[in-house]
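Each remark here refers to the structure printed beneath this line.
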Amino acid sequence: MTKKSSADYQREYRKRLREQGLVKKEVWVLPENGKQLGQIEKELRMPALNQCLGLDIGETIMSENTVHWWTTESLFNTLKDRPAFSNGSCSIEIIDGIDSSIVMAMHHYGDLPIFLTVGGEQILVEAVLFSLADVKDVAEFNEYVLKTHKYLPLSTICIESDGEHGDYYHMFGALSASSSIGEIVHEIDTLAENVIHATEAFKTFLKI
């Protein structure tokens with residue numbers, strides 16, 4: 001079975017944005033203002049994003065900053081009770097094993113799967129972008145990523161080997177295992193946003 005790429009999720013994501021009555025507008029800004037523009041865009045789409053992750057309007061990232069050292073299991077039990085997961089806006093499950101992991105299907109982002117693991121003092125949140133085989137010129141693309149990845153806040157790109165499907169580009173973010181639940185939710189949302197934006201930014205490098 002062919003693994004879906006971030007381009008597939010992007011198409012679903014755009015479809016759902018249109019269904020919510022949102023329209024795409026192109027703007028031009030200086031590179032250093034990209035972060036501010038992203039925040040403004042998120043605020044203008046706030047109702048849709050709130051529905052996805054269960055944030056109330058006016059809820060700040062630091063409103064739940066009780067210090068707590070998470071495990072994968074305790075974080076799963078907390079996330080699954082948040083409105084986004086309990087009302088079906090997002091799906092969540094835990095995969096048991098030597099290193100348990102959480103898998104979330106972000107329905108607002110075209111069912112994009114986000115993977116989350118807790119190891120020691122670190123929480124890792126990641127998603128698959130696309131296969132190396134989908135890239136026209138890997139060396140050229142890698143150079144471009146190294147020069148531009150700082151414009152994707154809180155996320156980094158790496159290559160991981162999948163024994164069954166080959167090498168894939170992954171996007172990930174890392175934060176402390178003592179982070180508040182609000183900060184973790186923000187990291188998940190930011191990663192999903194960045195996967196969609198990266199797919200748009202990188203499309204000229206792809207064969208498909």
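Chain lettering (A, B, ...) mirrors the order of the structure tokens, residue numbering begins at 1 for each chain separately, and ligand numbering begins at 1 in order of display.
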How close does each residue of stretch 92-136 of chain A get to stretch 177-191 of chain A, giving the shortest atom pair and distance in Å to one decimal for every residue with an atom at most 12 Å away, counting only C-alpha atoms, sorted by chain and residue number, as JSON lines?
```
{"residue": "A:Ile102", "atom": "CA", "partner": "A:Ile188", "partner_atom": "CA", "distance": 11.7}
{"residue": "A:Val103", "atom": "CA", "partner": "A:Ile188", "partner_atom": "CA", "distance": 11.2}
{"residue": "A:Met104", "atom": "CA", "partner": "A:Ile188", "partner_atom": "CA", "distance": 9.4}
{"residue": "A:Ala105", "atom": "CA", "partner": "A:Ile188", "partner_atom": "CA", "distance": 11.1}
{"residue": "A:Met106", "atom": "CA", "partner": "A:Asp189", "partner_atom": "CA", "distance": 9.0}
{"residue": "A:His107", "atom": "CA", "partner": "A:Asp189", "partner_atom": "CA", "distance": 11.8}
{"residue": "A:His108", "atom": "CA", "partner": "A:Asp189", "partner_atom": "CA", "distance": 10.3}
{"residue": "A:Tyr109", "atom": "CA", "partner": "A:Asp189", "partner_atom": "CA", "distance": 9.7}
{"residue": "A:Leu112", "atom": "CA", "partner": "A:Leu191", "partner_atom": "CA", "distance": 10.5}
{"residue": "A:Pro113", "atom": "CA", "partner": "A:Ile188", "partner_atom": "CA", "distance": 10.6}
{"residue": "A:Ile114", "atom": "CA", "partner": "A:Ile188", "partner_atom": "CA", "distance": 7.6}
{"residue": "A:Phe115", "atom": "CA", "partner": "A:Ile188", "partner_atom": "CA", "distance": 9.2}
{"residue": "A:Leu116", "atom": "CA", "partner": "A:Ile188", "partner_atom": "CA", "distance": 8.7}
{"residue": "A:Thr117", "atom": "CA", "partner": "A:Ala177", "partner_atom": "CA", "distance": 9.9}
{"residue": "A:Val118", "atom": "CA", "partner": "A:Ala177", "partner_atom": "CA", "distance": 6.9}
{"residue": "A:Gly119", "atom": "CA", "partner": "A:Ala177", "partner_atom": "CA", "distance": 7.9}
{"residue": "A:Gly120", "atom": "CA", "partner": "A:Ala177", "partner_atom": "CA", "distance": 7.4}
{"residue": "A:Glu121", "atom": "CA", "partner": "A:Ala177", "partner_atom": "CA", "distance": 4.8}
{"residue": "A:Gln122", "atom": "CA", "partner": "A:Ala177", "partner_atom": "CA", "distance": 4.8}
{"residue": "A:Ile123", "atom": "CA", "partner": "A:Ala177", "partner_atom": "CA", "distance": 5.3}
{"residue": "A:Leu124", "atom": "CA", "partner": "A:Ala177", "partner_atom": "CA", "distance": 9.1}
{"residue": "A:Val125", "atom": "CA", "partner": "A:Ile188", "partner_atom": "CA", "distance": 6.7}
{"residue": "A:Glu126", "atom": "CA", "partner": "A:Leu191", "partner_atom": "CA", "distance": 7.3}
{"residue": "A:Ala127", "atom": "CA", "partner": "A:Leu191", "partner_atom": "CA", "distance": 7.8}
{"residue": "A:Val128", "atom": "CA", "partner": "A:Leu191", "partner_atom": "CA", "distance": 10.8}
{"residue": "A:Leu129", "atom": "CA", "partner": "A:Leu191", "partner_atom": "CA", "distance": 11.1}
```
Practice item. Could you please determine the separation between atom CA of A:Lys24 and atom CA of A:Val145 in Å, to one decimal place? Key: 24.7 Å
Study note, to complete from the structure: Taken to one decimal, the atom CA of A:Thr148-atom CA of A:Phe130 distance is 17.5 Å
Practice item. Find the spatial neighbours of A:Ile159, counting only C-alpha atoms, within a cut-off of 7 Å - ignore same-chain residues fewer than 5 positions away - and output them as an NGL selection string. Key: :A and (167-170)
Output N, CA and C atoms of each residue in that selection to a file, as an mmCIF file, in the first residue's frame.
```
data_model
loop_
_atom_site.group_PDB
_atom_site.id
_atom_site.type_symbol
_atom_site.label_atom_id
_atom_site.label_comp_id
_atom_site.auth_asym_id
_atom_site.auth_seq_id
_atom_site.Cartn_x
_atom_site.Cartn_y
_atom_site.Cartn_z
ATOM 1 N N ASP A 167 13.419 5.888 2.337
ATOM 2 C CA ASP A 167 13.735 7.092 3.100
ATOM 3 C C ASP A 167 12.668 8.161 2.901
ATOM 4 N N TYR A 168 12.298 8.810 4.014
ATOM 5 C CA TYR A 168 11.274 9.850 3.990
ATOM 6 C C TYR A 168 11.761 11.091 4.734
ATOM 7 N N TYR A 169 11.312 12.247 4.256
ATOM 8 C CA TYR A 169 11.516 13.486 5.006
ATOM 9 C C TYR A 169 10.453 13.572 6.098
ATOM 10 N N HIS A 170 10.893 13.894 7.305
ATOM 11 C CA HIS A 170 9.993 14.098 8.420
ATOM 12 C C HIS A 170 10.140 15.536 8.923
#
```
Practice item. Run DSSP on the backbone and give me the residues of stretch 61-131 of chain A it puts in alpha helix (DSSP H), as an NGL selection string. Key: :A and (72-79 or 83-86)
Check your understanding: Pick from A:Phe202, A:Thr71, A:Glu19, A:Ser89: nearest to A:Asn142, with only C-alpha atoms counted?
Key -> A:Phe202
Each residue of stretch 63-181 of chain A with at least one atom at most 10 Å from stretch 28-37 of chain A should appear once, together with its nearest atom pair and the corresponding distance in Å (one decimal); atoms considered: only C-alpha atoms; ordering: chain, then increasing residue number; output as a tab-separated table.
```
residue	atom	partner	partner_atom	distance
A:Thr148	CA	A:Pro31	CA	9.7
A:Lys150	CA	A:Glu32	CA	9.8
A:Tyr151	CA	A:Gly34	CA	6.7
A:Leu152	CA	A:Lys35	CA	7.9
A:Pro153	CA	A:Lys35	CA	7.0
```
Dump as a PDB file, in the first residue's frame, selection limited to N, CA and C atoms:
```pdb
ATOM      1  N   THR A 148      16.354  27.688   4.484  1.00  0.00           N
ATOM      2  CA  THR A 148      15.040  28.302   4.719  1.00  0.00           C
ATOM      3  C   THR A 148      14.288  27.749   5.922  1.00  0.00           C
ATOM      4  N   LYS A 150      14.497  27.992   9.007  1.00  0.00           N
ATOM      5  CA  LYS A 150      14.262  28.888  10.143  1.00  0.00           C
ATOM      6  C   LYS A 150      12.968  29.683   9.988  1.00  0.00           C
ATOM      7  N   TYR A 151      12.393  29.707   8.785  1.00  0.00           N
ATOM      8  CA  TYR A 151      11.137  30.426   8.581  1.00  0.00           C
ATOM      9  C   TYR A 151       9.916  29.580   8.954  1.00  0.00           C
ATOM     10  N   LEU A 152      10.158  28.333   9.382  1.00  0.00           N
ATOM     11  CA  LEU A 152       9.086  27.468   9.877  1.00  0.00           C
ATOM     12  C   LEU A 152       9.246  27.375  11.392  1.00  0.00           C
ATOM     13  N   PRO A 153       8.557  28.198  12.156  1.00  0.00           N
ATOM     14  CA  PRO A 153       8.790  28.272  13.600  1.00  0.00           C
ATOM     15  C   PRO A 153       8.533  26.964  14.317  1.00  0.00           C
TER      16      PRO A 153
END
```
**Study point:** Best match for closeness to A:Leu75 among A:Ile208, A:Cys158, A:Gly88, A:Ser101, counting only C-alpha atoms
**Key:**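 Smallest separation from A:Leu75 among the options: A:Ser101.
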Practice item. Rank nothing, just name the residue among A:Ser131, A:Thr72, A:Asn194, A:Ser100 nearest to A:Leu154, using only C-alpha atoms. Key: A:Asn194
Review point. Mind pulling up the distance from atom CA of A:Ser161 to atom CA of A:Glu140?
Key: 19.8 Å
Point to revise | Per-residue DSSP, stretch 44-195 of chain A, filtered to strand (DSSP E or B), as a PyMOL selection string | key: chain A and resi 90-95+101-106+112-119+122-131+135+156-162+166-176
Let's have the selection written as a short mmCIF file (atom, residue, chain, number, x, y, z; two decimals), in the first residue's frame, with N, CA and C atoms.
```cif
data_model
loop_
_atom_site.label_atom_id
_atom_site.label_comp_id
_atom_site.auth_asym_id
_atom_site.auth_seq_id
_atom_site.Cartn_x
_atom_site.Cartn_y
_atom_site.Cartn_z
N CYS A 90 -10.66 15.71 16.13
CA CYS A 90 -9.39 15.01 15.89
C CYS A 90 -9.51 13.62 16.51
N SER A 91 -8.78 12.67 15.95
CA SER A 91 -8.77 11.31 16.50
C SER A 91 -7.44 11.06 17.18
N ILE A 92 -7.44 10.24 18.21
CA ILE A 92 -6.20 9.97 18.94
C ILE A 92 -6.20 8.53 19.41
N GLU A 93 -5.04 7.90 19.33
CA GLU A 93 -4.88 6.55 19.86
C GLU A 93 -3.44 6.37 20.32
N ILE A 94 -3.22 5.40 21.16
CA ILE A 94 -1.88 5.11 21.65
C ILE A 94 -1.45 3.75 21.10
N ILE A 95 -0.21 3.68 20.65
CA ILE A 95 0.35 2.43 20.14
C ILE A 95 1.32 1.90 21.19
N SER A 101 3.82 5.24 21.62
CA SER A 101 3.67 6.51 20.92
C SER A 101 2.19 6.83 20.76
N ILE A 102 1.91 8.12 20.58
CA ILE A 102 0.55 8.60 20.37
C ILE A 102 0.40 8.98 18.90
N VAL A 103 -0.70 8.57 18.29
CA VAL A 103 -0.98 8.93 16.91
C VAL A 103 -2.27 9.75 16.88
N MET A 104 -2.19 10.93 16.25
CA MET A 104 -3.36 11.81 16.14
C MET A 104 -3.67 12.05 14.67
N ALA A 105 -4.92 11.91 14.29
CA ALA A 105 -5.37 12.26 12.94
C ALA A 105 -6.02 13.63 13.01
N MET A 106 -5.36 14.62 12.38
CA MET A 106 -5.83 16.00 12.44
C MET A 106 -6.84 16.21 11.33
N LEU A 112 -4.28 14.65 8.49
CA LEU A 112 -2.83 14.54 8.64
C LEU A 112 -2.49 13.80 9.93
N PRO A 113 -1.68 12.73 9.86
CA PRO A 113 -1.29 12.02 11.09
C PRO A 113 -0.10 12.69 11.76
N ILE A 114 -0.22 12.92 13.05
CA ILE A 114 0.86 13.48 13.86
C ILE A 114 1.25 12.42 14.89
N PHE A 115 2.55 12.19 15.05
CA PHE A 115 3.04 11.19 16.00
C PHE A 115 3.73 11.89 17.17
N LEU A 116 3.46 11.43 18.36
CA LEU A 116 4.01 12.06 19.56
C LEU A 116 4.57 10.98 20.48
N THR A 117 5.79 11.19 20.96
CA THR A 117 6.40 10.26 21.92
C THR A 117 7.06 11.06 23.03
N VAL A 118 7.13 10.43 24.20
CA VAL A 118 7.81 11.03 25.35
C VAL A 118 8.97 10.12 25.70
N GLY A 119 10.16 10.68 25.74
CA GLY A 119 11.34 9.91 26.11
C GLY A 119 12.22 10.69 27.05
N GLN A 122 12.19 14.70 27.18
CA GLN A 122 11.81 15.32 25.90
C GLN A 122 10.52 14.74 25.34
N ILE A 123 9.71 15.62 24.77
CA ILE A 123 8.54 15.23 23.99
C ILE A 123 8.85 15.50 22.54
N LEU A 124 8.65 14.52 21.68
CA LEU A 124 8.90 14.68 20.25
C LEU A 124 7.58 14.57 19.50
N VAL A 125 7.30 15.58 18.67
CA VAL A 125 6.09 15.62 17.86
C VAL A 125 6.53 15.63 16.40
N GLU A 126 6.05 14.70 15.57
CA GLU A 126 6.54 14.64 14.20
C GLU A 126 5.47 14.20 13.21
N ALA A 127 5.74 14.48 11.93
CA ALA A 127 4.84 14.09 10.84
C ALA A 127 5.69 13.79 9.61
N VAL A 128 5.17 12.95 8.74
CA VAL A 128 5.85 12.61 7.50
C VAL A 128 5.55 13.67 6.45
N LEU A 129 6.58 14.11 5.73
CA LEU A 129 6.39 15.05 4.62
C LEU A 129 6.20 14.29 3.31
N PHE A 130 7.28 13.72 2.78
CA PHE A 130 7.21 12.96 1.53
C PHE A 130 8.49 12.14 1.39
N SER A 131 8.50 11.24 0.43
CA SER A 131 9.63 10.35 0.21
C SER A 131 10.76 11.06 -0.53
N VAL A 135 11.40 13.60 -4.72
CA VAL A 135 12.14 14.84 -4.93
C VAL A 135 12.95 14.76 -6.22
N THR A 156 11.62 21.38 12.63
CA THR A 156 12.85 21.04 11.94
C THR A 156 12.58 19.87 11.01
N ILE A 157 13.37 19.76 9.93
CA ILE A 157 13.19 18.69 8.95
C ILE A 157 14.38 17.73 9.01
N CYS A 158 14.09 16.43 8.96
CA CYS A 158 15.14 15.42 8.95
C CYS A 158 14.77 14.31 7.97
N ILE A 159 15.69 13.38 7.76
CA ILE A 159 15.43 12.20 6.92
C ILE A 159 15.46 10.97 7.81
N GLU A 160 14.43 10.14 7.68
CA GLU A 160 14.38 8.89 8.43
C GLU A 160 14.13 7.73 7.48
N SER A 161 14.71 6.59 7.80
CA SER A 161 14.58 5.41 6.95
C SER A 161 13.44 4.54 7.42
N ASP A 162 12.58 4.18 6.48
CA ASP A 162 11.48 3.25 6.75
C ASP A 162 11.83 1.96 6.01
N GLY A 166 11.33 2.89 2.35
CA GLY A 166 12.49 3.67 1.96
C GLY A 166 12.68 4.89 2.84
N ASP A 167 13.42 5.89 2.34
CA ASP A 167 13.73 7.09 3.10
C ASP A 167 12.67 8.16 2.90
N TYR A 168 12.30 8.81 4.01
CA TYR A 168 11.27 9.85 3.99
C TYR A 168 11.76 11.09 4.73
N TYR A 169 11.31 12.25 4.26
CA TYR A 169 11.52 13.49 5.01
C TYR A 169 10.45 13.57 6.10
N HIS A 170 10.89 13.89 7.30
CA HIS A 170 9.99 14.10 8.42
C HIS A 170 10.14 15.54 8.92
N MET A 171 9.07 16.09 9.43
CA MET A 171 9.13 17.38 10.12
C MET A 171 8.81 17.11 11.58
N PHE A 172 9.59 17.72 12.48
CA PHE A 172 9.38 17.45 13.89
C PHE A 172 9.64 18.69 14.74
N GLY A 173 9.09 18.65 15.94
CA GLY A 173 9.35 19.66 16.95
C GLY A 173 9.60 18.96 18.26
N ALA A 174 10.43 19.55 19.11
CA ALA A 174 10.74 18.94 20.40
C ALA A 174 10.53 19.97 21.51
N LEU A 175 10.06 19.48 22.64
CA LEU A 175 9.89 20.35 23.80
C LEU A 175 10.07 19.54 25.07
N SER A 176 10.17 20.24 26.19
CA SER A 176 10.44 19.59 27.46
C SER A 176 9.27 18.73 27.89
#
```
